[in-house]
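Working notes, structure below.
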Amino acid sequence: MNDAARLLRALQFGDSVFPVGGFAFSAGLETAIAERVVTDAESLSAYTRTALELAMRGDGVGLIWAYRAAQADDLRQLTQIDAQVYARKLSSETRTMSVRMGKKFTELSAQILHAALLQRWLEQITSGATPGCYPVALGINFAVQGLSARDAFAVHQYGVAAMILSAALRLMRIGHVETQQMLFALSAGADADYETAAAMPLADMAGFAPMTEILAAAHVKATVRLFMS
C-alpha cells in the first residue's frame, strides 16, 4: 500500500460512522450529566481527558499486545489477552459495549479484508471460546492490514473521545464548534500516550477510576436512559 491508501484504510476502520454501534453508548457521560459531575464545557473536557487516560492504560495496552500477537499469528495468546481485557471491565454495561462492538467489528473486518486470522477470531467469538472485546479486534484488524500499532492506538483513542463528545451534543447544551475544539486539543497527547501504553507490560493493564465505576453502576438502574452506557 502507498501512504494515501494506508491513511484512507486507517480512517475507514476508525470512522465514527463505521457500523459497529458505538453511537448507542456514551461511556458513562449520561449519568455524569444527570448527577451533575459534568455541567459545562470545562467539566466535559476534563471528563473526556480522564476517559482517554483510562483507555490508554487499559484497553490501549490490550490493543497493542493484541496487535503484537496478531503479527505473530498467535491465536492462543490473543485469547488470553482478550480474557484479560474483559476481566478488567467491572460494569455490565462496559462489558456489553466492548463485546458487542468487538463482535460486529470482527464480522465486518472479516467480510472486507478476507484475512484468515480474522475469520478464525470470529469463529472463536461465535463459539463462545472468547468474549471478543473491541480493542482486541481493532488490534487484529490493523495487524493483518500491515498498518501500525500506533495507528490502531490513535484510532482507538479518537473513538473514545468522539463517542463521548458526540453523546454530549445530545445530552447537554453544547455546540459542534466547542466539541470539535475539545477533540482537537485532546489529540495533542496521543503520541505520548501511545509511548506510555506501548512500554507497559500486559499485567499492568488497569485503570483506577472509582467515580467512573460508580456512574456506570448508577446508569444500570436509571429509569430513563437515552444511551446503553
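Ordering of the C-alpha cells sets the chain letters (A, B, ...); residue numbers start at 1 within each chain; ligands are numbered from 1 in the order shown.
Neighbours of Val99 in chain A closer than or equal to 7 Å, with only C-alpha atoms counted and sequence neighbours fewer than 5 positions away skipped, come out as Pro131, Gly132, Cys133 and Tyr134 of chain A.
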Distance table requested - range 62-124 of chain A against range 8-13 of chain A, cut-off 12 Å, only C-alpha atoms: one row per qualifying residue with the closest atom pair and its distance in Å to one decimal, ordered by chain and rising residue number, as a tab-separated table.
residue	atom	partner	partner_atom	distance
A:Phe105	CA	A:Phe13	CA	8.7
A:Thr106	CA	A:Phe13	CA	10.9
A:Leu108	CA	A:Phe13	CA	9.7
A:Ser109	CA	A:Phe13	CA	8.5
A:Ile112	CA	A:Phe13	CA	10.5
A:Leu113	CA	A:Arg9	CA	10.8
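Reported to one decimal place, the separation of CA of Thr79 in chain A from CA of Thr130 in chain A is 6.0 Å.
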List every residue of range 86-123 of chain A that has an atom at most 12 Å from any atom of range 60-63 of chain A, giving for each one its closest atom pair and the distance in Å to one decimal, counting only C-alpha atoms, sorted by chain and then by ascending residue number, as a Markdown table.
| residue | atom | partner | partner_atom | distance |
| --- | --- | --- | --- | --- |
| A:Tyr86 | CA | A:Gly62 | CA | 9.9 |
| A:Ala87 | CA | A:Gly62 | CA | 11.5 |
| A:Arg88 | CA | A:Gly62 | CA | 10.5 |
| A:Gly102 | CA | A:Leu63 | CA | 11.7 |
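Nearest-residue note for His156 in chain A: choosing from A:Gly58, A:Gly128, A:Gly207, A:Pro19, the minimum distance belongs to A:Gly58, counting only C-alpha atoms.
Closest approach to Val160 in chain A from the set A:Pro201, A:Gly175, A:Gly22, A:Gly139 is made by A:Gly22, with distances taken over only C-alpha atoms.
Here the question is which of A:Arg150, A:Met56, A:Trp65, A:Ala162 gets nearest to Ser16 in chain A using only C-alpha atoms, and that residue is A:Ala162.
One finds CA of Phe18 in chain A at 18.7 Å from CA of Ala115 in chain A.
The nearest approach to Thr31 in chain A among the residues A:Ala203, A:Ala192, A:Ala72, A:Ala168, with only C-alpha atoms taken into account, belongs to A:Ala168.
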Exercise. Could you work out how far CA of Glu107 in chain A lies from CA of Ala129 in chain A, giving the answer in Å with one decimal?
Worked result: 15.8 Å
For this session: Return the single residue from A:Thr212, A:Ser187, A:Gln181, A:Ser127 that is closest to Glu42 in chain A, with distances computed using only C-alpha atoms.
Result: A:Gln181
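Residues surrounding Ile214 in chain A within 10 Å are Gly28, Thr31, Ala32, Ser91, Ala209, Pro210, Met211, Ala217, Ala218 and His219 of chain A [only C-alpha atoms; sequence separation below 3 positions excluded].
The neighbours of Arg68 in chain A here are the residues that come within 12 Å of it, using only C-alpha atoms and leaving out any residue fewer than 4 positions away in the same chain; they are Val61, Gly62, Leu63, Ile64, Ala72, Asp73, Asp74, Leu75, Gln77, Leu78, Ile81, Val136, Leu138, Gly139, Ile140, Asn141, Phe142, Ala143, Val144, Gly146, Leu147, Ser148, Ala149, Arg150, Ala152, Ala198 and Leu202 of chain A.
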Can you tell me, as a JSON list (two decimals) with C-alpha atoms, in the first residue's frame, which residues in chain A count as alpha helix (DSSP H) by DSSP?
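This went into result-v6.json:
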[["chain", "number", "residue", "atom", "x", "y", "z"],
["A", 3, "ASP", "CA", 0.83, 6.20, 2.08],
["A", 4, "ALA", "CA", -2.52, 7.53, 0.85],
["A", 5, "ALA", "CA", -4.13, 4.06, 0.82],
["A", 6, "ARG", "CA", -2.79, 3.29, 4.31],
["A", 7, "LEU", "CA", -4.22, 6.55, 5.63],
["A", 8, "LEU", "CA", -7.59, 6.01, 4.00],
["A", 9, "ARG", "CA", -7.90, 2.47, 5.37],
["A", 10, "ALA", "CA", -6.99, 3.59, 8.88],
["A", 11, "LEU", "CA", -9.61, 6.33, 8.56],
["A", 12, "GLN", "CA", -12.22, 3.87, 7.28],
["A", 13, "PHE", "CA", -11.96, 1.47, 10.20],
["A", 14, "GLY", "CA", -11.71, 4.32, 12.70],
["A", 29, "LEU", "CA", -21.47, 10.56, 30.25],
["A", 30, "GLU", "CA", -25.24, 10.26, 30.52],
["A", 31, "THR", "CA", -25.10, 9.54, 34.24],
["A", 32, "ALA", "CA", -22.25, 12.01, 34.76],
["A", 33, "ILE", "CA", -24.53, 14.75, 33.43],
["A", 34, "ALA", "CA", -27.54, 13.53, 35.40],
["A", 41, "ALA", "CA", -17.65, 22.64, 28.61],
["A", 42, "GLU", "CA", -14.79, 22.67, 31.12],
["A", 43, "SER", "CA", -16.02, 19.65, 33.07],
["A", 44, "LEU", "CA", -16.89, 17.83, 29.82],
["A", 45, "SER", "CA", -13.34, 18.32, 28.56],
["A", 46, "ALA", "CA", -11.93, 17.06, 31.88],
["A", 47, "TYR", "CA", -14.24, 14.03, 31.81],
["A", 48, "THR", "CA", -13.17, 13.17, 28.28],
["A", 49, "ARG", "CA", -9.47, 13.53, 29.12],
["A", 50, "THR", "CA", -9.94, 11.22, 32.09],
["A", 51, "ALA", "CA", -11.65, 8.69, 29.83],
["A", 52, "LEU", "CA", -8.70, 8.87, 27.43],
["A", 53, "GLU", "CA", -6.21, 8.30, 30.24],
["A", 54, "LEU", "CA", -8.19, 5.28, 31.41],
["A", 55, "ALA", "CA", -8.40, 3.95, 27.86],
["A", 56, "MET", "CA", -4.66, 4.44, 27.39],
["A", 57, "ARG", "CA", -3.73, 2.42, 30.49],
["A", 59, "ASP", "CA", -7.84, -1.05, 26.55],
["A", 60, "GLY", "CA", -4.97, 0.75, 24.83],
["A", 61, "VAL", "CA", -2.45, -1.61, 26.40],
["A", 62, "GLY", "CA", -4.58, -4.63, 25.50],
["A", 63, "LEU", "CA", -4.88, -3.37, 21.93],
["A", 64, "ILE", "CA", -1.11, -3.05, 21.50],
["A", 65, "TRP", "CA", -0.49, -6.53, 22.91],
["A", 66, "ALA", "CA", -3.23, -7.94, 20.67],
["A", 67, "TYR", "CA", -1.60, -6.27, 17.68],
["A", 68, "ARG", "CA", 1.71, -7.95, 18.53],
["A", 69, "ALA", "CA", 0.05, -11.33, 18.98],
["A", 70, "ALA", "CA", -1.77, -10.94, 15.67],
["A", 71, "GLN", "CA", 1.51, -10.15, 13.94],
["A", 75, "LEU", "CA", -4.43, -17.22, 18.38],
["A", 76, "ARG", "CA", -3.80, -18.70, 21.82],
["A", 77, "GLN", "CA", -2.17, -15.50, 23.07],
["A", 78, "LEU", "CA", -4.95, -13.41, 21.54],
["A", 79, "THR", "CA", -7.49, -15.42, 23.54],
["A", 80, "GLN", "CA", -5.51, -14.85, 26.74],
["A", 81, "ILE", "CA", -5.25, -11.11, 26.07],
["A", 82, "ASP", "CA", -8.97, -10.90, 25.30],
["A", 83, "ALA", "CA", -9.82, -12.60, 28.59],
["A", 84, "GLN", "CA", -7.66, -10.12, 30.49],
["A", 85, "VAL", "CA", -9.24, -7.12, 28.75],
["A", 86, "TYR", "CA", -12.71, -8.44, 29.55],
["A", 87, "ALA", "CA", -11.84, -9.20, 33.19],
["A", 92, "SER", "CA", -22.00, -4.99, 32.93],
["A", 93, "GLU", "CA", -22.63, -2.11, 30.52],
["A", 94, "THR", "CA", -18.93, -1.64, 29.82],
["A", 95, "ARG", "CA", -18.57, -5.35, 29.10],
["A", 96, "THR", "CA", -21.63, -5.28, 26.85],
["A", 97, "MET", "CA", -20.32, -2.29, 24.92],
["A", 98, "SER", "CA", -16.93, -3.88, 24.31],
["A", 99, "VAL", "CA", -18.14, -7.31, 23.21],
["A", 100, "ARG", "CA", -20.98, -6.04, 21.02],
["A", 101, "MET", "CA", -18.71, -3.61, 19.22],
["A", 102, "GLY", "CA", -15.92, -6.19, 19.10],
["A", 103, "LYS", "CA", -18.03, -8.89, 17.50],
["A", 104, "LYS", "CA", -19.55, -6.56, 14.94],
["A", 105, "PHE", "CA", -16.16, -5.06, 14.12],
["A", 106, "THR", "CA", -14.71, -8.55, 13.63],
["A", 107, "GLU", "CA", -17.62, -9.62, 11.41],
["A", 108, "LEU", "CA", -17.26, -6.59, 9.16],
["A", 109, "SER", "CA", -13.46, -6.78, 9.12],
["A", 110, "ALA", "CA", -13.57, -10.44, 8.08],
["A", 111, "GLN", "CA", -16.00, -9.68, 5.26],
["A", 112, "ILE", "CA", -13.98, -6.72, 4.00],
["A", 113, "LEU", "CA", -10.40, -7.95, 4.44],
["A", 116, "ALA", "CA", -7.65, -15.93, 7.70],
["A", 117, "LEU", "CA", -6.81, -14.72, 11.21],
["A", 118, "LEU", "CA", -9.92, -12.53, 11.36],
["A", 119, "GLN", "CA", -12.08, -15.45, 10.28],
["A", 120, "ARG", "CA", -10.52, -17.68, 12.94],
["A", 121, "TRP", "CA", -11.05, -14.95, 15.53],
["A", 122, "LEU", "CA", -14.70, -14.62, 14.53],
["A", 123, "GLU", "CA", -15.11, -18.39, 14.96],
["A", 124, "GLN", "CA", -13.63, -18.12, 18.45],
["A", 125, "ILE", "CA", -16.15, -15.40, 19.35],
["A", 126, "THR", "CA", -19.11, -17.18, 17.79],
["A", 127, "SER", "CA", -18.31, -20.43, 19.57],
["A", 134, "TYR", "CA", -13.35, -4.36, 20.72],
["A", 135, "PRO", "CA", -9.71, -3.30, 21.30],
["A", 136, "VAL", "CA", -8.51, -6.83, 20.54],
["A", 137, "ALA", "CA", -10.50, -6.88, 17.30],
["A", 138, "LEU", "CA", -9.07, -3.49, 16.34],
["A", 139, "GLY", "CA", -5.52, -4.69, 17.02],
["A", 140, "ILE", "CA", -6.02, -7.76, 14.84],
["A", 141, "ASN", "CA", -7.54, -5.71, 12.02],
["A", 142, "PHE", "CA", -4.63, -3.27, 11.84],
["A", 143, "ALA", "CA", -2.02, -6.02, 12.15],
["A", 144, "VAL", "CA", -3.40, -8.08, 9.26],
["A", 145, "GLN", "CA", -3.55, -4.94, 7.09],
["A", 149, "ALA", "CA", 0.18, -0.29, 16.20],
["A", 150, "ARG", "CA", 0.46, 3.49, 16.67],
["A", 151, "ASP", "CA", -2.26, 3.98, 14.06],
["A", 152, "ALA", "CA", -4.50, 1.43, 15.79],
["A", 153, "PHE", "CA", -3.96, 3.12, 19.14],
["A", 154, "ALA", "CA", -4.73, 6.55, 17.68],
["A", 155, "VAL", "CA", -7.94, 5.25, 16.11],
["A", 156, "HIS", "CA", -8.99, 3.70, 19.41],
["A", 157, "GLN", "CA", -8.34, 6.86, 21.42],
["A", 158, "TYR", "CA", -10.10, 9.01, 18.85],
["A", 159, "GLY", "CA", -13.10, 6.70, 19.06],
["A", 160, "VAL", "CA", -13.30, 7.07, 22.84],
["A", 161, "ALA", "CA", -13.24, 10.87, 22.65],
["A", 162, "ALA", "CA", -15.61, 11.06, 19.69],
["A", 163, "MET", "CA", -18.12, 8.75, 21.39],
["A", 164, "ILE", "CA", -18.27, 10.95, 24.48],
["A", 165, "LEU", "CA", -18.34, 14.28, 22.67],
["A", 166, "SER", "CA", -20.97, 13.20, 20.15],
["A", 167, "ALA", "CA", -23.12, 11.98, 23.04],
["A", 168, "ALA", "CA", -22.64, 15.35, 24.73],
["A", 169, "LEU", "CA", -24.30, 17.06, 21.77],
["A", 170, "ARG", "CA", -27.48, 15.12, 22.56],
["A", 171, "LEU", "CA", -27.27, 15.35, 26.34],
["A", 176, "HIS", "CA", -20.37, 21.41, 17.48],
["A", 177, "VAL", "CA", -17.64, 24.05, 17.46],
["A", 178, "GLU", "CA", -16.91, 23.55, 21.17],
["A", 179, "THR", "CA", -16.77, 19.76, 20.91],
["A", 180, "GLN", "CA", -14.52, 19.94, 17.85],
["A", 181, "GLN", "CA", -12.20, 22.33, 19.68],
["A", 182, "MET", "CA", -12.01, 19.84, 22.53],
["A", 183, "LEU", "CA", -11.32, 16.94, 20.17],
["A", 184, "PHE", "CA", -8.54, 18.91, 18.50],
["A", 185, "ALA", "CA", -6.93, 19.84, 21.81],
["A", 186, "LEU", "CA", -7.19, 16.34, 23.26],
["A", 190, "ALA", "CA", -1.85, 10.94, 21.56],
["A", 191, "ASP", "CA", 1.82, 10.26, 20.81],
["A", 192, "ALA", "CA", 2.91, 10.50, 24.44],
["A", 193, "ASP", "CA", 0.00, 8.27, 25.48],
["A", 194, "TYR", "CA", 1.00, 5.68, 22.88],
["A", 195, "GLU", "CA", 4.59, 5.60, 24.11],
["A", 196, "THR", "CA", 3.37, 5.06, 27.67],
["A", 197, "ALA", "CA", 0.96, 2.28, 26.70],
["A", 198, "ALA", "CA", 3.44, 0.55, 24.38],
["A", 210, "PRO", "CA", -13.87, 4.78, 41.20],
["A", 211, "MET", "CA", -16.12, 7.67, 40.18],
["A", 212, "THR", "CA", -16.44, 6.27, 36.67],
["A", 213, "GLU", "CA", -17.36, 2.84, 38.02],
["A", 214, "ILE", "CA", -19.94, 4.36, 40.38],
["A", 215, "LEU", "CA", -21.51, 6.30, 37.50],
["A", 216, "ALA", "CA", -21.63, 3.13, 35.40],
["A", 217, "ALA", "CA", -23.33, 1.24, 38.22],
["A", 218, "ALA", "CA", -25.87, 4.02, 38.66],
["A", 219, "HIS", "CA", -26.65, 4.02, 34.95],
["A", 220, "VAL", "CA", -27.64, 0.36, 35.06]]
